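J.: Sharing target_12.cif below, mmCIF, C-alpha atoms (C1' of nucleotides):
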```cif
data_upload
#
loop_
_atom_site.label_atom_id
_atom_site.label_comp_id
_atom_site.auth_asym_id
_atom_site.auth_seq_id
_atom_site.Cartn_x
_atom_site.Cartn_y
_atom_site.Cartn_z
CA MET T 176 20.32 100.52 65.90
CA PRO T 177 20.07 97.48 68.00
CA GLU T 178 22.98 96.75 70.26
CA LEU T 179 22.95 94.52 73.33
CA PRO T 180 20.39 96.55 75.37
CA GLU T 181 17.92 96.83 72.51
CA VAL T 182 18.16 93.11 71.67
CA GLU T 183 17.71 92.31 75.37
CA ILE T 184 14.48 94.36 75.49
CA ILE T 185 13.24 92.55 72.37
CA ALA T 186 14.12 89.17 73.90
CA GLY T 187 12.10 90.12 76.98
CA GLY T 188 9.14 91.09 74.82
CA LEU T 189 9.20 87.75 73.04
CA ARG T 190 9.44 85.84 76.34
CA LYS T 191 6.23 87.53 77.43
CA THR T 192 4.35 86.89 74.20
CA VAL T 193 5.41 83.94 72.07
CA VAL T 194 6.95 81.22 74.26
CA GLY T 195 4.71 78.17 73.97
CA LYS T 196 3.18 79.21 70.65
CA ILE T 197 3.11 76.85 67.69
CA ILE T 198 4.46 78.01 64.34
CA GLN T 199 1.95 77.72 61.53
CA ASP T 200 4.22 79.05 58.80
CA ILE T 201 7.17 81.33 58.09
CA ILE T 202 6.87 83.50 55.01
CA PRO T 203 9.96 85.17 53.55
CA VAL T 204 8.74 88.30 51.83
CA TRP T 205 12.27 89.34 50.82
CA ASP T 206 14.17 86.13 50.12
CA LYS T 207 17.59 87.23 51.32
CA SER T 208 16.24 88.16 54.76
CA PHE T 209 15.50 84.52 55.64
CA GLU T 210 18.35 82.03 55.36
CA ASN T 211 17.13 78.49 55.75
CA ARG T 212 20.06 76.21 56.61
CA SER T 213 17.95 73.26 57.76
CA SER T 214 15.50 70.98 56.03
CA VAL T 215 13.60 70.35 59.26
CA LYS T 216 10.02 71.52 58.92
CA LEU T 217 9.17 74.76 60.73
CA SER T 218 5.40 74.44 60.84
CA GLY T 219 4.21 72.63 63.93
CA GLN T 220 7.31 73.45 65.99
CA ARG T 221 6.78 75.10 69.38
CA ILE T 222 8.72 78.08 70.70
CA GLU T 223 10.54 76.66 73.70
CA SER T 224 12.70 79.57 74.88
CA ILE T 225 14.27 82.88 73.93
CA GLY T 226 17.97 83.63 74.33
CA ARG T 227 20.52 86.25 73.38
CA LYS T 228 24.24 86.40 72.77
CA GLY T 229 25.69 89.81 71.97
CA LYS T 230 23.44 91.31 69.31
CA TYR T 231 22.06 87.90 68.25
CA LEU T 232 18.54 86.95 69.27
CA ILE T 233 17.96 83.22 69.70
CA ILE T 234 14.51 81.68 69.27
CA ARG T 235 14.71 78.02 70.31
CA LEU T 236 12.13 75.73 68.75
CA THR T 237 11.24 72.10 69.42
CA LYS T 238 13.87 70.73 67.01
CA THR T 239 15.73 73.69 65.54
CA SER T 240 16.52 77.36 66.21
CA LEU T 241 15.94 80.70 64.61
CA ILE T 242 18.83 83.14 65.04
CA VAL T 243 18.06 86.78 64.31
CA HIS T 244 20.50 89.61 63.64
CA LEU T 245 18.84 93.01 63.23
CA ARG T 246 21.88 94.84 61.83
CA MET T 247 21.01 98.50 61.23
CA THR T 248 17.25 98.85 60.89
CA GLY T 249 15.71 95.51 61.85
CA GLN T 250 12.63 95.35 64.07
CA ILE T 251 10.87 92.36 65.59
CA LEU T 252 7.20 93.23 66.07
CA TYR T 253 4.64 91.09 67.85
CA MET T 254 0.99 91.36 66.75
CA ASN T 255 -2.08 89.69 68.19
CA GLN T 256 -3.32 89.49 64.64
CA ILE T 257 -1.89 90.55 61.31
CA ASN T 258 -2.24 94.29 61.17
CA LYS T 259 -4.27 95.45 58.21
CA ASP T 260 -2.60 98.85 58.29
CA GLN T 261 -0.05 98.70 55.53
CA LEU T 262 3.14 98.07 57.44
CA SER T 263 5.97 98.82 55.07
CA HIS T 264 9.31 97.04 54.80
CA ILE T 265 8.12 93.71 56.22
CA ARG T 266 10.74 91.13 55.15
CA VAL T 267 9.67 87.95 57.01
CA LYS T 268 6.38 86.92 58.63
CA ILE T 269 6.27 84.30 61.40
CA LEU T 270 2.67 83.13 61.78
CA PHE T 271 1.36 81.22 64.79
CA ASN T 272 -1.58 78.86 64.80
CA ASP T 273 -3.58 81.09 67.17
CA GLY T 274 -3.66 83.93 64.62
CA SER T 275 -0.91 86.02 66.22
CA CYS T 276 2.38 86.70 64.47
CA VAL T 277 5.86 88.15 64.63
CA LEU T 278 6.87 90.45 61.79
CA PHE T 279 10.47 91.14 60.83
CA LYS T 280 10.58 94.69 59.53
CA ASP T 281 13.87 95.88 58.07
CA THR T 282 14.09 98.96 55.88
CA ARG T 283 17.66 98.49 54.71
CA LYS T 284 17.45 94.70 54.29
CA PHE T 285 20.77 94.06 56.08
CA GLY T 286 19.23 91.96 58.86
CA ARG T 287 18.89 88.19 58.74
CA ILE T 288 16.88 85.38 60.24
CA TYR T 289 18.74 82.06 60.07
CA HIS T 290 17.06 78.69 60.52
CA LEU T 291 19.61 76.29 62.00
CA GLU T 292 19.92 72.89 63.59
CA ASP T 293 23.03 73.93 65.50
CA GLU T 294 22.97 77.46 66.88
CA GLN T 295 26.70 77.21 67.65
CA SER T 296 27.47 77.22 63.92
CA ILE T 297 26.90 80.97 64.19
CA LEU T 298 27.31 81.74 67.88
CA SER T 299 30.66 80.03 68.41
CA LYS T 300 32.29 82.81 66.38
CA VAL T 301 30.89 85.47 68.71
CA GLY T 302 32.80 86.54 71.83
CA ILE T 303 31.33 86.22 75.31
CA ASP T 304 28.36 88.48 75.94
CA ALA T 305 29.29 91.71 77.73
CA LEU T 306 26.71 91.01 80.46
CA ASP T 307 27.20 87.24 80.68
CA PRO T 308 27.49 86.23 84.36
CA GLN T 309 30.59 84.21 83.39
CA ILE T 310 32.59 87.20 82.12
CA ASN T 311 35.00 88.87 84.53
CA LEU T 312 37.66 91.54 84.69
CA GLY T 313 40.50 89.02 84.45
CA TYR T 314 39.21 87.75 81.11
CA PHE T 315 38.68 91.30 79.83
CA SER T 316 42.18 92.44 80.85
CA GLU T 317 43.82 89.41 79.21
CA ALA T 318 41.90 90.01 75.97
CA LEU T 319 43.01 93.65 75.92
CA LYS T 320 46.62 92.60 76.44
CA LYS T 321 46.53 90.21 73.46
CA SER T 322 45.03 92.71 71.05
CA GLY T 323 46.93 94.95 68.68
CA MET T 324 43.86 97.02 67.81
CA ASN T 325 42.79 100.44 69.02
CA ILE T 326 40.17 100.23 71.76
CA LYS T 327 37.30 101.41 69.57
CA ALA T 328 37.94 98.68 66.99
CA PHE T 329 38.52 96.13 69.77
CA LEU T 330 35.15 96.76 71.43
CA LEU T 331 33.29 96.88 68.10
CA SER T 332 34.85 93.66 66.80
CA GLN T 333 32.56 91.31 68.84
CA LYS T 334 35.51 88.91 68.91
CA TYR T 335 36.44 89.04 72.60
CA ILE T 336 33.36 90.68 74.07
CA SER T 337 30.06 91.00 72.24
CA GLY T 338 27.03 93.24 72.23
CA ILE T 339 28.67 96.68 72.17
CA GLY T 340 28.01 98.81 69.07
CA ASN T 341 28.84 102.32 67.99
CA ILE T 342 26.62 104.15 70.49
CA TYR T 343 27.66 102.33 73.64
CA VAL T 344 31.35 102.14 72.76
CA ASP T 345 31.51 105.95 72.58
CA GLU T 346 29.45 106.38 75.75
CA SER T 347 31.55 103.83 77.68
CA LEU T 348 34.91 105.29 76.62
CA PHE T 349 33.78 108.79 77.61
CA ARG T 350 32.75 107.62 81.06
CA ALA T 351 36.05 105.76 81.44
CA GLY T 352 38.07 108.83 80.36
CA ILE T 353 39.81 106.81 77.63
CA HIS T 354 40.44 108.16 74.13
CA PRO T 355 38.94 105.87 71.46
CA ALA T 356 42.22 105.75 69.51
CA SER T 357 44.10 104.36 72.52
CA ALA T 358 45.89 101.05 71.94
CA ALA T 359 43.90 98.24 73.58
CA ASP T 360 47.06 96.62 74.94
CA LYS T 361 47.96 99.83 76.79
CA ILE T 362 44.77 99.76 78.84
CA LYS T 363 45.87 97.92 81.95
CA GLY T 364 45.38 97.70 85.69
CA ASN T 365 43.09 100.38 87.04
CA ASN T 366 42.16 101.68 83.59
CA ALA T 367 41.03 98.23 82.47
CA GLY T 368 38.92 97.89 85.60
CA ILE T 369 37.30 101.30 85.14
CA LEU T 370 36.50 100.59 81.48
CA TYR T 371 35.09 97.17 82.33
CA ASN T 372 32.79 98.64 84.96
CA ARG T 373 31.68 101.59 82.80
CA ILE T 374 30.75 99.30 79.92
CA ARG T 375 28.52 97.25 82.19
CA GLU T 376 26.96 100.35 83.75
CA VAL T 377 26.25 101.92 80.38
CA LEU T 378 24.64 98.73 79.05
CA ASN T 379 22.59 98.09 82.20
CA THR T 380 21.38 101.69 82.32
CA ALA T 381 20.33 101.48 78.67
CA ILE T 382 18.30 98.35 79.46
CA GLU T 383 16.63 100.15 82.39
CA ASN T 384 15.76 102.96 79.97
CA MET T 385 14.28 100.51 77.43
CA GLY T 386 17.05 101.00 74.87
CA SER T 387 18.09 103.91 72.63
CA THR T 388 15.95 105.02 69.70
CA ILE T 389 17.84 107.11 67.14
CA SER T 390 15.33 106.57 64.38
CA ASP T 391 14.47 102.93 63.75
CA TYR T 392 14.71 101.01 67.01
CA ARG T 393 11.39 99.82 68.45
CA ASP T 394 10.59 97.09 70.95
CA THR T 395 8.34 94.12 70.11
CA PHE T 396 5.27 96.30 70.76
CA GLY T 397 6.46 99.14 68.53
CA ASN T 398 7.53 101.44 71.38
CA SER T 399 10.63 103.65 71.28
CA GLY T 400 13.28 103.60 74.00
CA ASN T 401 14.30 106.50 76.27
CA ASN T 402 18.05 106.04 76.64
CA GLN T 403 18.86 108.44 73.77
CA ASN T 404 17.98 111.24 76.19
CA TYR T 405 20.99 110.40 78.33
CA PHE T 406 23.80 110.38 75.75
CA LYS T 407 26.85 112.34 76.87
CA VAL T 408 28.87 112.20 73.63
CA TYR T 409 27.07 110.17 70.96
CA GLN T 410 25.60 112.63 68.44
CA CYS T 411 26.58 115.50 70.76
CA THR T 412 29.15 116.97 68.37
CA GLY T 413 29.95 120.58 69.24
CA GLN T 414 28.01 120.55 72.50
CA PRO T 415 29.95 121.32 75.70
CA CYS T 416 31.29 118.32 77.61
CA GLU T 417 29.26 118.08 80.80
CA VAL T 418 32.47 117.71 82.83
CA CYS T 419 34.79 120.38 81.37
CA ASN T 420 32.75 122.34 78.78
CA THR T 421 35.14 121.49 75.93
CA PRO T 422 33.11 120.94 72.73
CA ILE T 423 32.55 117.26 71.94
CA LYS T 424 34.52 116.26 68.87
CA LYS T 425 33.62 113.83 66.09
CA ILE T 426 36.21 111.92 64.07
CA LYS T 427 36.19 108.78 61.93
CA LEU T 428 37.78 105.74 63.55
CA ALA T 429 37.47 102.05 62.71
CA GLY T 430 35.31 103.25 59.82
CA ARG T 431 32.70 104.71 62.16
CA GLY T 432 31.66 108.11 63.42
CA THR T 433 33.38 108.48 66.80
CA HIS T 434 32.40 111.03 69.45
CA PHE T 435 34.58 112.01 72.40
CA CYS T 436 35.76 114.82 74.66
CA PRO T 437 39.27 115.85 73.51
CA ASN T 438 40.07 117.12 77.01
CA CYS T 439 38.67 114.41 79.31
CA GLN T 440 39.61 111.36 77.25
CA LYS T 441 43.33 110.67 77.37
CA ILE T 442 45.10 108.73 74.66
CA LEU T 443 47.03 105.72 75.97
CA LYS T 444 49.84 104.42 73.78
"C1'" DC E 452 47.68 90.59 62.40
"C1'" DC E 453 45.80 95.28 61.49
"C1'" DA E 454 43.74 99.29 59.10
"C1'" DT E 455 41.11 100.79 55.40
"C1'" DG E 456 37.79 100.54 51.76
"C1'" DT E 457 33.80 98.45 49.72
"C1'" DA E 458 29.53 96.02 49.48
"C1'" DC E 459 24.99 95.10 51.07
"C1'" DC E 460 20.24 98.63 51.00
"C1'" DT E 461 16.95 102.56 51.85
"C1'" DG E 462 15.73 107.05 53.31
"C1'" DA E 463 16.62 111.36 55.67
"C1'" DA E 464 19.08 115.56 55.77
"C1'" DG E 465 22.07 119.15 54.13
"C1'" DG E 466 24.29 121.95 50.38
"C1'" DC E 467 23.62 124.47 46.26
"C1'" DT A 510 11.28 122.63 44.37
"C1'" DG A 511 14.83 119.57 42.98
"C1'" DC A 512 19.15 117.42 42.29
"C1'" DC A 513 23.31 115.70 44.33
"C1'" DT A 514 26.11 114.13 48.07
"C1'" DT A 515 26.70 112.32 52.53
"C1'" DC A 516 25.48 109.82 56.32
"C1'" DA A 517 23.30 106.16 59.34
"C1'" DG A 518 22.95 101.97 65.04
"C1'" DG A 519 26.46 96.29 61.52
"C1'" DT A 520 29.22 92.92 59.55
"C1'" DA A 521 31.73 90.26 55.86
"C1'" DC A 522 35.12 90.38 52.68
"C1'" DA A 523 39.04 92.14 49.74
"C1'" DT A 524 43.09 94.74 49.56
"C1'" DG A 525 47.54 96.85 51.11
#
```
Please, can you express the file's structure as structure tokens?
T.:
Amino acid sequence: MPELPEVEIIAGGLRKTVVGKIIQDIIPVWDKSFENRSSVKLSGQRIESIGRKGKYLIIRLTKTSLIVHLRMTGQILYMNQINKDQLSHIRVKILFNDGSCVLFKDTRKFGRIYHLEDEQSILSKVGIDALDPQINLGYFSEALKKSGMNIKAFLLSQKYISGIGNIYVDESLFRAGIHPASAADKIKGNNAGILYNRIREVLNTAIENMGSTISDYRDTFGNSGNNQNYFKVYQCTGQPCEVCNTPIKKIKLAGRGTHFCPNCQKILK
DNA sequence: CCATGTACCTGAAGGC
DNA sequence: TGCCTTCAGGTACATG
């Protein structure tokens, strides 16, 4: 569900609602969903700022940080007051001293909220964010050259560039005309530049469209995104490619469902 | 180092 | 209707 664009929308929602609020208490409803790696007290701490790196959401507090990963079905929902309607699958409740709250809803229980003193203990293992102002084509090309993986696995790995998941990797590779099984180290020169630009366009467009909702993704106010209406290959199996009319094909690659146009996307090896 | 499989979980959808 | 299998946006870990 949530890849870079969706986490960015959620970060924006939190910036508008909870910065400056004081935590009254954090209640883990499902123990595994909240991993407390610090003995510093949470209650009384103020939310200072909201950040993001790749698919990680960063909530910076007075003394410590909360790092959130939504994995497959996680949602971060802001409420002016605790909703009496029975919201199912709530795994963690973050209560503020003004009566408002943030609820971590996560059907499949894969997501995590970590409480840390040093956010780098998690974030240092994550590659540079795909939309970080510091990233550039030179860095991207060098990373491709060093990798022995296929391009699909490379982009999903989060190791060199972070934030791209299964939806946007397929959409980016289609727009770049590159077959997902292509060797990363064979994508050079012009091809590397095209792929780099398409990735950024696909991610930025998804942000403009408020993210992609397949089934679970919602923003902090519970709203769905619109970007799923603009997919060209993801979940378009069998439909005609909009460029050449060849039916979109689905295969398994890097352990994931992979959608592409067998005519437009050339394999580089 | 890389590819593949499995585990972590729940629920929806499709086949029979 | 109901049972069974498969699949799902992610990542960590074990195995060849």
J.: Take the point (33.5, 108.9, 79.6) as written in the file and pick out every residue within 12 Å of it, counting only C-alpha atoms (C1' of nucleotides); give the list as JSON, numbers by chain.
T.: {"T": [343, 344, 345, 346, 347, 348, 349, 350, 351, 352, 353, 354, 355, 366, 369, 370, 372, 373, 374, 376, 377, 406, 407, 408, 409, 416, 417, 418, 419, 423, 434, 435, 436, 437, 438, 439, 440, 441]}
J.: Applied to the shown file, which residues does the PyMOL selection byres ((chain A) within 8 of (chain T)) return, written as number ranges by chain?
T.: A: 518-520
J.: Step by step, work through what the PyMOL selection byres ((chain E and resi 454) around 8) selects in the shown file, and finish by giving those residues as a VMD selection string.
T.: (chain T and resid 429) or (chain E and resid 453 455)
J.: If you apply the PyMOL selection byres ((chain T) within 7 of (chain E)) to this file, what residues do you get, as a list in words?
T.: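 Going through the file, the PyMOL selection byres ((chain T) within 7 of (chain E)) ends up selecting Thr282, Arg283, Lys284, Phe285 and Met324 of chain T.
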J.: Quick one: pull the distance between C1' of DC513 in chain A and CA of Lys424 in chain T, Å, one decimal.
T.: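 That distance, rounded to one decimal, is 27.0 Å.
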J.: How many Å lie between CA of Ser299 in chain T and CA of Ser224 in chain T, rounded to one decimal?
T.: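 It comes out at 19.1 Å.
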